[in-house]
Amino acid sequence: MSEQPLIELRHVYRTFKQGRQLIPVLQDVNLTIAPNEIVCLVGESGCGKTTTGKIIAGLLPQSEGEVLFQGRPLESYRGKERAAMRRALQIVHQDPFASLNPAHTIGQILSFPLKHHKMVSGRAELRRRIWELLTLVDLTPPGDVVNKYPHQLSGGQRQRVSIARALTVQPKLIVADEAVSMVDMSIRVSLLQMLHDLRDKLNVAIIFITHDLALAKYFAWGERIAVMYLGRVVEIGPTEQVIGNSAHPYTRALISAVPEADPIRTRSKQRMKLRSEDIPKLTEIPSGCAFHPRCPFFVPGVCDARVPTLGAAEGYAQQVACPPLTEGLGLREYEAAAEAPVAG
Amino acid sequence: MAQNDVVMSVRDLSVNYLTERGPLQAVNRISFELHQGETLALMGESGCGKSTLVMALMRLLPSNARVPNGEIHYTTRDGRVIDVLKMSKGKLRAFRWSECAMVFQGALNALNPVIRVRDMFYDTGRAHGMGSKDAVRERALELFRLVRLDPERVFNAYPHELSGGMRQRVLIALGLLLDPQVVILDEPTTAVDILTQRTIIDVLMAIRDKLGFSIIFISHDLAVAAEMADTVATMYAGEIVEIGPVNEMFYRPHHGYTLGLLEAIPSLAAEAEELVSIPGSPPDLIEPPPGCKFHERCPFAVERCSREVPPLVDVDETHRVACFEADRVIAKARETIQA
Amino acid sequence: MNLGFGAAATLTGLLIGVLCSLPPLGLALKHRLYRPALLTLAACALGGFSAGLWGGALMLVLMSGVVISYAYVDREDPFTSRASIDEVDFSESNWEFSLRKMAALGRTVRASAHALVRNKAGFLGFLGLVFFFVMIVFGPLFIEYDGQPHYYDRLKPGAKTLFQGPSKEFPLGLDWQGRDVLSHIVYGGKNLIRTSVEAGLMTTVIAVVLGSMAGLLGGVVDQALSALSNFILTIPTFPLLVVLAGIITFDNHTYLALLFAALYWPTLMRAVRAQVFSLRERDYVQAAVALDLGLPHLIFREVLPNMISYIVVNMIFTIRGAMYALVGLVFLGMVPVQEPDWAVMIYIGRTRQVIFNARAASMLLSPIIAIALFQLSLVLFTRSLEEIFNPRLRRGL
Amino acid sequence: MWRSYAFRVTVQGLLTLWAVTTFTFVMIRKMPGNPVEVVIDQLIDRQQLSYEEARQQAAGLFDFDPGQPLIEQYADYMNKLLHGDMGKSISSAGTPVANQIKRYLPWTLFSVGSGLIISFTLGVLLGMAMAYWRGSVFDNVLTAAASLMYGIPDFIIALLLLLVAGVQLKLFSMEDVLGGVGQDVHAGLNLPYLKSVVQHAALPVITYVWGTVGGWILTMKSSTISTLGEDYIMVAKARGLPERRILTAYVGRNAMLPLVTRLAISIGFVVGGSVIIEFIFQYPGLGRQLAMAIGTRDYTTMQGIFLVIASAVVFSNILADLLFGMLDPRVRVGGEE
């Protein structure tokens, strides 16, 4: 990519304190997002995708490593530049019921950032801008919602307001953290399509965080997907490749496990058998590749010996963190996997 | 009885909630039959009445709910037919769990946090005269093995010591303790991770085939229904708008809402796809719209839909739909869905 | 001439009130809003009468808002237009803008009034508080304070004995010196209530400031404040007050209130801190942080509006606690006796052994019932407060 | 984790206790109107002593030498305290404060303690019943009654009891209810004595119950209501468990959890929360003694009683923390949030 990345994570670590224990939530995460790009972060609960999103949005400092915005570390921004940088990075949360302050009307919620950052001059322009924003997120006519309180709107409408609020400050990047998972499925798609349209119209990049592979595939078609497991990115690359020609055994396991809304196909799908169904606790992350105790392609002495880093693998266009693949050993089913699955 | 293997037959069942603004029609004139060993999936979005319906089947409705009309007939293994809605309190208590058990969403707190898992099994066993604690224990450990849990450890654990997926499986085991004929599953795979969801689906299907009970499960996830169900019913605004065998429903939908849902679900297997969402939002159930409740959001709606309520009519022996424009829907479905 | 609080409960005050009612009244009549017009007149007159220019002006603003909110309903809002953005006119004159703001204020007032009336227990409490307010402010207009002792040789005119039960002439009877109990009730609540309210206000201010500091800043500040509050919470408050009273002389009511505040703040502070902590994690606060709206916005726009009912309810309970402690101190004789005062009436009842005098019942029961009623009103009133401050309940306006 | 949790809680409590002791110590010595000077003045006044003589006598009374530097006094005081010596009373010259406390504490413990037990039991039972039959006449009447009781301060109730039931209606004679025990009975395990004790404690106990039961009722009701809404109650019903079992192990136990902590904390206030009530009923408890000590400027007694009250609160807080850990398995294992 000749263009300078919008956001770059370099060896980012994040730990949380729980009692006296330190819990590593993110380990050595490297990620670049180009302007106007869509990247999906996919993974199960506890894989660190939300933490990554919060760090990118500037809501959480990293414990170690660097986060660069347009080539400079976030911490190096000062004064006006810092304010502009903060505004450029916005977040849309998962829960439409918690993301809007119940004490204010929709009009007020949108006017606070517009007024505070002097994005508009004068009342007429303020109201014009609110009208514009509400139309932009398909809340038409705006008069139906502008004077309402959040509790008077449906979940989908609220999520649109959240997006409009993020747009008030003309961001360059929006982190959408499970932004549609609590919305009814019949209207999810329209929200996703709206986000796509906004990306095209307003030239923003979107980081879309989800646990739903099919949704990620739909949203990031033609873009990139990163799969995370226990605080690390295990596979990243073009969506068509990651989904259609997955490299990492974990990604393969996920894809084989997902049921499909197609009775014949879903019943005839090949399921991958894991060696263990237990997800390790974050306090006891296995050595080497964190997936090795469950991985059916486990190679003793390789997978549990060294922590894999993302790299190219033969036959795959994406990057993958799997020693047998990156070191050219290839995947061979582990003998024990043929036996009965281990009880949970 | 027309068919001998019907275990549960629901006719014309309605449930209203009393609210400040007036009665809310949560379930409206629903009828269906559940056969032995059949898995029936009730599909629908939040607020469509699916939870209310299954609560009514076990008479677990909250105190502000009323059942103005309807019948629920249950056939026991020895052929007796029970009217669930007319049962006395004592008989109802015996009916619950031993004939018809329910698996609640395990990620929420469906297990009493202050007592051990084993005590919940003992309680249930004692309440239904299962004999000694040892008998309960033996059965529980056997069930734990079936649902792929470490029997001894889980049996003596407190709920908070178990992960979400494990709790869900404990609930499944608890539901099967008394070998019921019907098991109701409430969103069994919602809010659990993908790989855990896979385990639960596999476990459920394996023990269903082994023990031979019938399942009614409610979910908003079409994919799970596609995988597990024999029969699928779509619910919209308190009504069953379409019901039929799983392949019929997924490949030959006759109702605009069923088709709409199918067109809104992304698939992993497909290449780049065109998805369409259903415009608008579900209607107010206190003052529902006249005619077909879906007509305001339906691309197939004609003038008649806003006047008359479409009756549930047979498409064929097993497939029924409540839509005036079913022909146009199926024609459209043939274009978009390739089986 | 004094037009401020000095004009309270005088003809001037009433006149101020009526004058203040004229603008909204005129507007209401012009729009044929007769019920609001009547309410306006009553509210403004009462406001002026009870607090002079301050009350009158406040009512003038509030009632204008109410009237405008009725009259403003049909006004066209550009947001409702379905035309394209270039065809809609968003400009608004200052006059229209202030009208819109006034109408919003009026709607809030109306919603609060509805919420107040909706909860029966809360409304009862409100009426109780209004009763005491009216009694303290307007009582002196009609009842003269009877502070001089009367003795058997010169009984109060119209009295038969020193301790006289309720009669037509003396509705609450006479006390141990033959003085009119009613007058002591009317005059004796002011200091007690004022000190309690001051204590409640000070406690709330201290608790909210420290609690928000602990919650928002965290770290060392939080730990230090938590340790301090834990320490104070461990000390039994009332015995400490009693001990302190043995050492210091409480002759200044504001000092006393301050002392209460110094001992009572930890409970509320911990609650505020916990609330701030939980609110800080809310998504909408996080969004405000991401939008870089600044600390004042976070405190005053995002956090406080969602805590206000909680804080006010707690303040009322603190007022209640302060009054309890105050009466207790007086009862034990730990505070210099200053008449007229409800608590002092009970204290005298105890020290003069009239507790056991069956005829003195009225003199003792009157302040007891007054205190009980006031405290009960406070507790009941809190029921309405939650509804008043909850935006979810402001529907349909 | 559980061990260290208990340890942490205990250490915190002891630290607080130490802080309270030091605070009282400094307060009594450094507050305006120096109590030592007050006593010296009194002695000069009453016994016509010279200042030096009075100072020495006062020092004897106070059990510390006001002339010493504060830090030495403090070391001395703490040393004695650790050996269970709380000094001697000033007003009833020579009686060790510890003895006085031993004499008055049982009365307070008996009256407030039984009040607390009755009040808690009543509150829990009624609150739970009200939550079960929510919206019924029974619930509405009791809710109103509970708010009423909760709204009125306890000493007001005590006075009303005396005035209305005693003085006006003459339901009992003052001799039978005021004080700790009748004068014509001999202390010991005999029936007349016990009867007299119970009779005299009746009014204070009724007052405590009246003043606190409303709070227990309302808390238990709301706690039960929120428990009844939990999924596991629904599951228990679906499992066909008998009502009684659901009521005890499922609803009761979970609904009681928040109340148990409050009960433990209340136990701490049993010792000190009764000054006014004991005063009104002339009940020979610790609270009344504290008030008397203040009235007579008996600083050593004051300090001693205060310390007892504060330690009771500290220990009950520790108890509350530990008890909660025992009842709720989630706290027991995790120990952290």
# chains A, B, ... in the order shown; residues from 1 in each chain; ligands from 1
>>> interface_residues(of="chain C", to="chain A", cutoff="10 Å", atoms="only C-alpha atoms", output="CSV table (one decimal) with C-alpha atoms, in the first residue's frame")
chain,number,residue,atom,x,y,z
C,77,ASP,CA,-41.3,22.7,12.9
C,78,PRO,CA,-38.9,22.6,9.9
C,79,PHE,CA,-37.9,19.1,11.0
C,80,THR,CA,-41.3,17.7,10.1
C,81,SER,CA,-41.0,18.8,6.6
C,82,ARG,CA,-40.7,16.1,4.0
C,83,ALA,CA,-39.2,18.5,1.5
C,84,SER,CA,-35.5,18.2,0.5
C,85,ILE,CA,-32.9,19.9,2.6
C,86,ASP,CA,-32.5,22.9,0.3
C,88,VAL,CA,-36.4,23.8,4.1
C,89,ASP,CA,-35.9,27.0,6.0
C,90,PHE,CA,-34.0,26.5,9.2
C,91,SER,CA,-33.5,30.1,10.1
C,92,GLU,CA,-35.1,31.2,13.3
C,93,SER,CA,-35.3,34.7,14.9
C,94,ASN,CA,-34.2,35.2,18.4
C,97,PHE,CA,-35.9,30.7,19.6
C,282,ARG,CA,-21.9,3.4,30.4
C,283,ASP,CA,-21.7,3.4,26.7
C,284,TYR,CA,-23.1,6.9,26.3
C,285,VAL,CA,-20.4,8.3,28.6
C,286,GLN,CA,-17.8,6.4,26.6
C,287,ALA,CA,-19.2,7.9,23.5
C,288,ALA,CA,-19.0,11.4,25.0
C,289,VAL,CA,-15.3,10.7,25.9
C,290,ALA,CA,-14.7,9.6,22.3
C,291,LEU,CA,-16.4,12.7,21.1
C,292,ASP,CA,-14.0,14.7,23.3
C,293,LEU,CA,-16.8,16.8,24.8
C,294,GLY,CA,-14.8,17.7,27.9
C,297,HIS,CA,-20.0,18.2,29.7
C,301,ARG,CA,-24.7,16.7,30.9
C,302,GLU,CA,-24.0,13.0,31.0
C,303,VAL,CA,-23.6,11.9,34.6
C,304,LEU,CA,-25.5,14.4,36.8
C,305,PRO,CA,-28.9,14.3,35.0
C,306,ASN,CA,-29.0,10.6,35.6
C,389,PHE,CA,-36.8,13.3,37.4
C,390,ASN,CA,-37.3,10.2,35.3
C,391,PRO,CA,-37.4,11.2,31.6
C,392,ARG,CA,-39.0,7.9,30.7
C,393,LEU,CA,-42.1,9.0,32.5
C,394,ARG,CA,-42.3,12.3,30.6
C,395,ARG,CA,-44.4,10.9,27.9
>>> select_by_dssp(residues="range 91-329 of chain B", states="alpha helix (DSSP H)", output="ChimeraX atom specification")
/B:91-98,117-127,133-146,151-155,164-176,194-211,222-228,246-251,256-264,326-329
>>> write_last_selection(atoms="C-alpha atoms", output="mmCIF file, in the first residue's frame")
data_model
loop_
_atom_site.group_PDB
_atom_site.id
_atom_site.type_symbol
_atom_site.label_atom_id
_atom_site.label_comp_id
_atom_site.auth_asym_id
_atom_site.auth_seq_id
_atom_site.Cartn_x
_atom_site.Cartn_y
_atom_site.Cartn_z
ATOM 1 C CA LYS B 91 -51.561 -32.275 38.853
ATOM 2 C CA LEU B 92 -49.915 -29.381 37.063
ATOM 3 C CA ARG B 93 -46.938 -29.662 39.376
ATOM 4 C CA ALA B 94 -46.603 -33.328 38.555
ATOM 5 C CA PHE B 95 -47.071 -32.640 34.835
ATOM 6 C CA ARG B 96 -44.364 -30.047 34.712
ATOM 7 C CA TRP B 97 -40.940 -31.520 34.087
ATOM 8 C CA SER B 98 -41.984 -35.189 34.218
ATOM 9 C CA VAL B 117 -25.938 -28.220 40.906
ATOM 10 C CA ARG B 118 -26.508 -31.515 42.719
ATOM 11 C CA ASP B 119 -29.096 -29.955 45.012
ATOM 12 C CA MET B 120 -31.072 -28.769 42.043
ATOM 13 C CA PHE B 121 -31.136 -32.347 40.750
ATOM 14 C CA TYR B 122 -32.076 -33.726 44.167
ATOM 15 C CA ASP B 123 -34.856 -31.151 44.521
ATOM 16 C CA THR B 124 -36.305 -32.089 41.175
ATOM 17 C CA GLY B 125 -36.043 -35.799 41.856
ATOM 18 C CA ARG B 126 -37.673 -35.532 45.268
ATOM 19 C CA ALA B 127 -40.501 -33.350 43.975
ATOM 20 C CA LYS B 133 -30.746 -39.635 46.201
ATOM 21 C CA ASP B 134 -28.534 -42.314 44.729
ATOM 22 C CA ALA B 135 -30.999 -42.969 41.950
ATOM 23 C CA VAL B 136 -31.094 -39.266 41.107
ATOM 24 C CA ARG B 137 -27.341 -39.061 41.256
ATOM 25 C CA GLU B 138 -26.830 -42.024 38.995
ATOM 26 C CA ARG B 139 -29.263 -40.693 36.418
ATOM 27 C CA ALA B 140 -27.716 -37.220 36.592
ATOM 28 C CA LEU B 141 -24.193 -38.501 36.081
ATOM 29 C CA GLU B 142 -25.372 -40.566 33.138
ATOM 30 C CA LEU B 143 -26.988 -37.500 31.592
ATOM 31 C CA PHE B 144 -23.865 -35.425 32.193
ATOM 32 C CA ARG B 145 -21.878 -37.979 30.252
ATOM 33 C CA LEU B 146 -24.433 -37.740 27.436
ATOM 34 C CA PRO B 151 -19.872 -35.684 35.632
ATOM 35 C CA GLU B 152 -18.366 -35.618 39.122
ATOM 36 C CA ARG B 153 -16.965 -32.121 38.874
ATOM 37 C CA VAL B 154 -20.089 -30.506 37.506
ATOM 38 C CA PHE B 155 -22.414 -32.366 39.843
ATOM 39 C CA GLY B 164 -21.937 -20.362 29.825
ATOM 40 C CA GLY B 165 -21.783 -23.392 27.559
ATOM 41 C CA MET B 166 -21.451 -25.761 30.506
ATOM 42 C CA ARG B 167 -24.407 -24.201 32.273
ATOM 43 C CA GLN B 168 -26.481 -24.613 29.143
ATOM 44 C CA ARG B 169 -25.628 -28.307 29.075
ATOM 45 C CA VAL B 170 -26.369 -28.673 32.798
ATOM 46 C CA LEU B 171 -29.800 -27.259 32.056
ATOM 47 C CA ILE B 172 -30.286 -29.744 29.245
ATOM 48 C CA ALA B 173 -29.346 -32.595 31.585
ATOM 49 C CA LEU B 174 -31.647 -31.218 34.255
ATOM 50 C CA GLY B 175 -34.458 -31.076 31.704
ATOM 51 C CA LEU B 176 -34.013 -34.738 30.833
ATOM 52 C CA ILE B 194 -19.741 -20.462 17.927
ATOM 53 C CA LEU B 195 -17.833 -23.569 18.969
ATOM 54 C CA THR B 196 -19.960 -23.951 22.103
ATOM 55 C CA GLN B 197 -23.073 -23.576 19.997
ATOM 56 C CA ARG B 198 -21.827 -26.401 17.803
ATOM 57 C CA THR B 199 -21.338 -28.643 20.842
ATOM 58 C CA ILE B 200 -24.819 -27.893 22.125
ATOM 59 C CA ILE B 201 -26.462 -28.546 18.777
ATOM 60 C CA ASP B 202 -24.579 -31.838 18.390
ATOM 61 C CA VAL B 203 -25.395 -32.885 21.955
ATOM 62 C CA LEU B 204 -29.055 -32.050 21.566
ATOM 63 C CA MET B 205 -29.460 -33.919 18.320
ATOM 64 C CA ALA B 206 -27.602 -36.952 19.626
ATOM 65 C CA ILE B 207 -29.665 -37.322 22.795
ATOM 66 C CA ARG B 208 -32.896 -36.598 20.959
ATOM 67 C CA ASP B 209 -32.196 -39.498 18.659
ATOM 68 C CA LYS B 210 -31.192 -41.673 21.605
ATOM 69 C CA LEU B 211 -34.028 -40.848 23.991
ATOM 70 C CA LEU B 222 -32.788 -19.372 11.255
ATOM 71 C CA ALA B 223 -29.605 -21.344 10.762
ATOM 72 C CA VAL B 224 -30.082 -23.330 13.961
ATOM 73 C CA ALA B 225 -33.642 -24.103 12.927
ATOM 74 C CA ALA B 226 -32.460 -25.202 9.505
ATOM 75 C CA GLU B 227 -30.108 -27.633 11.122
ATOM 76 C CA MET B 228 -32.235 -29.056 13.936
ATOM 77 C CA VAL B 246 -38.187 -27.576 7.234
ATOM 78 C CA ASN B 247 -37.266 -28.003 3.555
ATOM 79 C CA GLU B 248 -40.612 -26.602 2.401
ATOM 80 C CA MET B 249 -40.172 -23.568 4.604
ATOM 81 C CA PHE B 250 -36.615 -22.823 3.521
ATOM 82 C CA TYR B 251 -36.915 -23.613 -0.172
ATOM 83 C CA GLY B 256 -43.888 -12.670 2.625
ATOM 84 C CA TYR B 257 -42.435 -12.605 6.118
ATOM 85 C CA THR B 258 -40.768 -16.015 5.843
ATOM 86 C CA LEU B 259 -39.273 -15.037 2.532
ATOM 87 C CA GLY B 260 -38.222 -11.675 3.954
ATOM 88 C CA LEU B 261 -36.355 -13.337 6.793
ATOM 89 C CA LEU B 262 -34.617 -15.750 4.421
ATOM 90 C CA GLU B 263 -33.520 -12.892 2.217
ATOM 91 C CA ALA B 264 -32.095 -10.976 5.162
ATOM 92 C CA ALA B 326 -48.995 -16.787 -1.437
ATOM 93 C CA ASP B 327 -48.764 -17.468 -5.173
ATOM 94 C CA ARG B 328 -46.778 -14.325 -5.826
ATOM 95 C CA VAL B 329 -44.533 -15.011 -2.833
#
>>> closest_atom_pairs(of="chain D", to="chain C", cutoff="9 Å", atoms="only C-alpha atoms", output="Markdown table")
| residue | atom | partner | partner_atom | distance |
| --- | --- | --- | --- | --- |
| D:Thr16 | CA | C:Phe231 | CA | 5.9 |
| D:Leu17 | CA | C:Thr234 | CA | 8.3 |
| D:Ala19 | CA | C:Phe231 | CA | 7.6 |
| D:Val20 | CA | C:Ile235 | CA | 7.1 |
| D:Met27 | CA | C:Leu244 | CA | 8.7 |
| D:Ile28 | CA | C:Ile247 | CA | 7.8 |
| D:Met31 | CA | C:Ile247 | CA | 6.9 |
| D:Pro32 | CA | C:Ile248 | CA | 6.8 |
| D:Gly33 | CA | C:Ile247 | CA | 6.6 |
| D:Asn34 | CA | C:Ile247 | CA | 8.0 |
| D:Pro35 | CA | C:Ile247 | CA | 7.5 |
| D:Ala144 | CA | C:Ala121 | CA | 8.8 |
| D:Ser147 | CA | C:Leu380 | CA | 7.8 |
| D:Leu148 | CA | C:Leu376 | CA | 6.7 |
| D:Met149 | CA | C:Leu376 | CA | 8.8 |
| D:Tyr150 | CA | C:Leu376 | CA | 8.2 |
| D:Gly151 | CA | C:Leu376 | CA | 4.5 |
| D:Ile152 | CA | C:Ala372 | CA | 5.2 |
| D:Pro153 | CA | C:Tyr324 | CA | 6.7 |
| D:Phe155 | CA | C:Gly328 | CA | 8.1 |
| D:Ile156 | CA | C:Ile368 | CA | 6.2 |
| D:Ile157 | CA | C:Ile368 | CA | 8.9 |
| D:Leu159 | CA | C:Ile368 | CA | 8.0 |
| D:Leu160 | CA | C:Leu365 | CA | 7.5 |
| D:Leu162 | CA | C:Ile355 | CA | 7.9 |
| D:Leu163 | CA | C:Ile355 | CA | 6.7 |
| D:Val164 | CA | C:Ala361 | CA | 8.3 |
| D:Gly166 | CA | C:Phe356 | CA | 8.5 |
| D:Val167 | CA | C:Ala358 | CA | 5.5 |
| D:Gln168 | CA | C:Ala358 | CA | 5.8 |
| D:Met174 | CA | C:Phe356 | CA | 8.5 |
| D:Phe269 | CA | C:Pro236 | CA | 7.5 |
| D:Gly272 | CA | C:Pro239 | CA | 6.9 |
| D:Gly273 | CA | C:Phe238 | CA | 7.5 |
| D:Val275 | CA | C:Pro239 | CA | 7.4 |
| D:Ile276 | CA | C:Gly328 | CA | 6.6 |
| D:Phe279 | CA | C:Leu332 | CA | 8.0 |
| D:Ile280 | CA | C:Arg350 | CA | 8.3 |
| D:Gly287 | CA | C:Pro239 | CA | 8.0 |
| D:Leu290 | CA | C:Pro239 | CA | 7.9 |
| D:Ala291 | CA | C:Val242 | CA | 7.2 |
| D:Ile294 | CA | C:Gly246 | CA | 5.4 |
| D:Gly295 | CA | C:Gly246 | CA | 7.2 |
| D:Arg297 | CA | C:Gly246 | CA | 7.1 |
| D:Met302 | CA | C:Val243 | CA | 7.3 |
| D:Gln303 | CA | C:Val243 | CA | 8.8 |
| D:Phe306 | CA | C:Pro239 | CA | 7.3 |
| D:Ile309 | CA | C:Pro236 | CA | 7.2 |
| D:Ala310 | CA | C:Ile235 | CA | 5.6 |
| D:Ser311 | CA | C:Thr234 | CA | 8.6 |
| D:Val313 | CA | C:Thr234 | CA | 6.1 |
| D:Val314 | CA | C:Thr234 | CA | 6.2 |
| D:Asn317 | CA | C:Thr234 | CA | 8.4 |
>>> closest_residue(among="B:Thr19, B:Thr231, B:Asn64, B:Ser267", to="chain D", atoms="only C-alpha atoms")
B:Asn64
>>> interface_residues(of="chain A", to="chain B", cutoff="10 Å", atoms="only C-alpha atoms", output="ChimeraX atom specification")
/A:43-46,154-157,183-193,211-222,240,243-244,250,253-268,271,274,277-279,341-344
>>> interface_residues(of="chain D", to="chain B", cutoff="9 Å", atoms="only C-alpha atoms", output="VMD selection string")
chain D and resid 230 to 242 245 249 to 250 253 to 254 327 to 330 333
>>> interface_residues(of="chain A", to="chain D", cutoff="12 Å", atoms="only C-alpha atoms", output="MDAnalysis selection string")
chainID A and resid 17:21
>>> residues_around(residues="Ala164 in chain A", least_positions_apart="4", cutoff="7 Å", atoms="only C-alpha atoms", output="number ranges by chain")
A: 133-134, 137, 160, 168
>>> residues_around(residues="Val233 in chain A", least_positions_apart="3", cutoff="10 Å", atoms="only C-alpha atoms", output="list in words")
Leu26, Gln27, Asp28, Val29, Asn30, Leu31, Leu41, Val42, Gly43, Cys47, Gly48, Lys49, Ala226, Val227, Met228, Tyr229, Leu230, Ile236, Thr309, Leu310, Gln319, Val320 and Ala321 of chain A
>>> closest_residue(among="B:Asp12, B:Glu99, B:Glu38, B:Glu296", to="Gly212 in chain B", atoms="only C-alpha atoms")
B:Glu38
>>> atom_distance(atom1="CA of Asp83 in chain B", atom2="CA of Ile240 in chain B")
21.6 Å
>>> residues_around(residues="Val6 in chain B", least_positions_apart="2", cutoff="7 Å", atoms="only C-alpha atoms", output="ChimeraX atom specification")
/B:3-4,8-9,33-36
>>> select_by_dssp(residues="range 149-379 of chain C", states="strand (DSSP E or B)", output="ChimeraX atom specification")
/C:151,154,174,180
>>> write_last_selection(atoms="all heavy atoms", output="short mmCIF file (atom, residue, chain, number, x, y, z; two decimals), in the first residue's frame")
data_model
loop_
_atom_site.label_atom_id
_atom_site.label_comp_id
_atom_site.auth_asym_id
_atom_site.auth_seq_id
_atom_site.Cartn_x
_atom_site.Cartn_y
_atom_site.Cartn_z
N TYR C 151 -48.38 33.45 84.84
CA TYR C 151 -48.44 32.63 86.06
C TYR C 151 -49.85 32.66 86.63
O TYR C 151 -50.73 33.35 86.13
CB TYR C 151 -47.40 33.12 87.07
CG TYR C 151 -45.99 32.90 86.55
CD1 TYR C 151 -45.23 33.97 86.09
CD2 TYR C 151 -45.48 31.62 86.46
CE1 TYR C 151 -43.97 33.75 85.58
CE2 TYR C 151 -44.21 31.40 85.95
CZ TYR C 151 -43.46 32.47 85.51
OH TYR C 151 -42.22 32.23 84.99
N ARG C 154 -51.40 35.94 87.23
CA ARG C 154 -51.90 36.69 86.08
C ARG C 154 -51.97 35.77 84.86
O ARG C 154 -51.10 35.72 84.02
CB ARG C 154 -51.07 37.95 85.80
CG ARG C 154 -49.57 37.70 85.77
CD ARG C 154 -48.84 39.00 85.47
NE ARG C 154 -47.40 38.76 85.41
CZ ARG C 154 -46.77 38.39 84.30
NH1 ARG C 154 -47.42 38.25 83.19
NH2 ARG C 154 -45.47 38.16 84.31
N LEU C 174 -52.59 25.40 76.43
CA LEU C 174 -51.56 26.26 76.99
C LEU C 174 -50.45 25.41 77.58
O LEU C 174 -50.66 24.24 77.91
CB LEU C 174 -52.16 27.14 78.11
CG LEU C 174 -53.28 28.08 77.66
CD1 LEU C 174 -53.84 28.80 78.87
CD2 LEU C 174 -52.77 29.08 76.64
N ASP C 180 -49.59 30.21 74.87
CA ASP C 180 -50.36 29.58 73.80
C ASP C 180 -49.46 28.58 73.03
O ASP C 180 -48.47 28.97 72.42
CB ASP C 180 -50.87 30.66 72.85
CG ASP C 180 -51.77 30.09 71.78
OD1 ASP C 180 -52.12 28.89 71.91
OD2 ASP C 180 -52.12 30.82 70.85
#
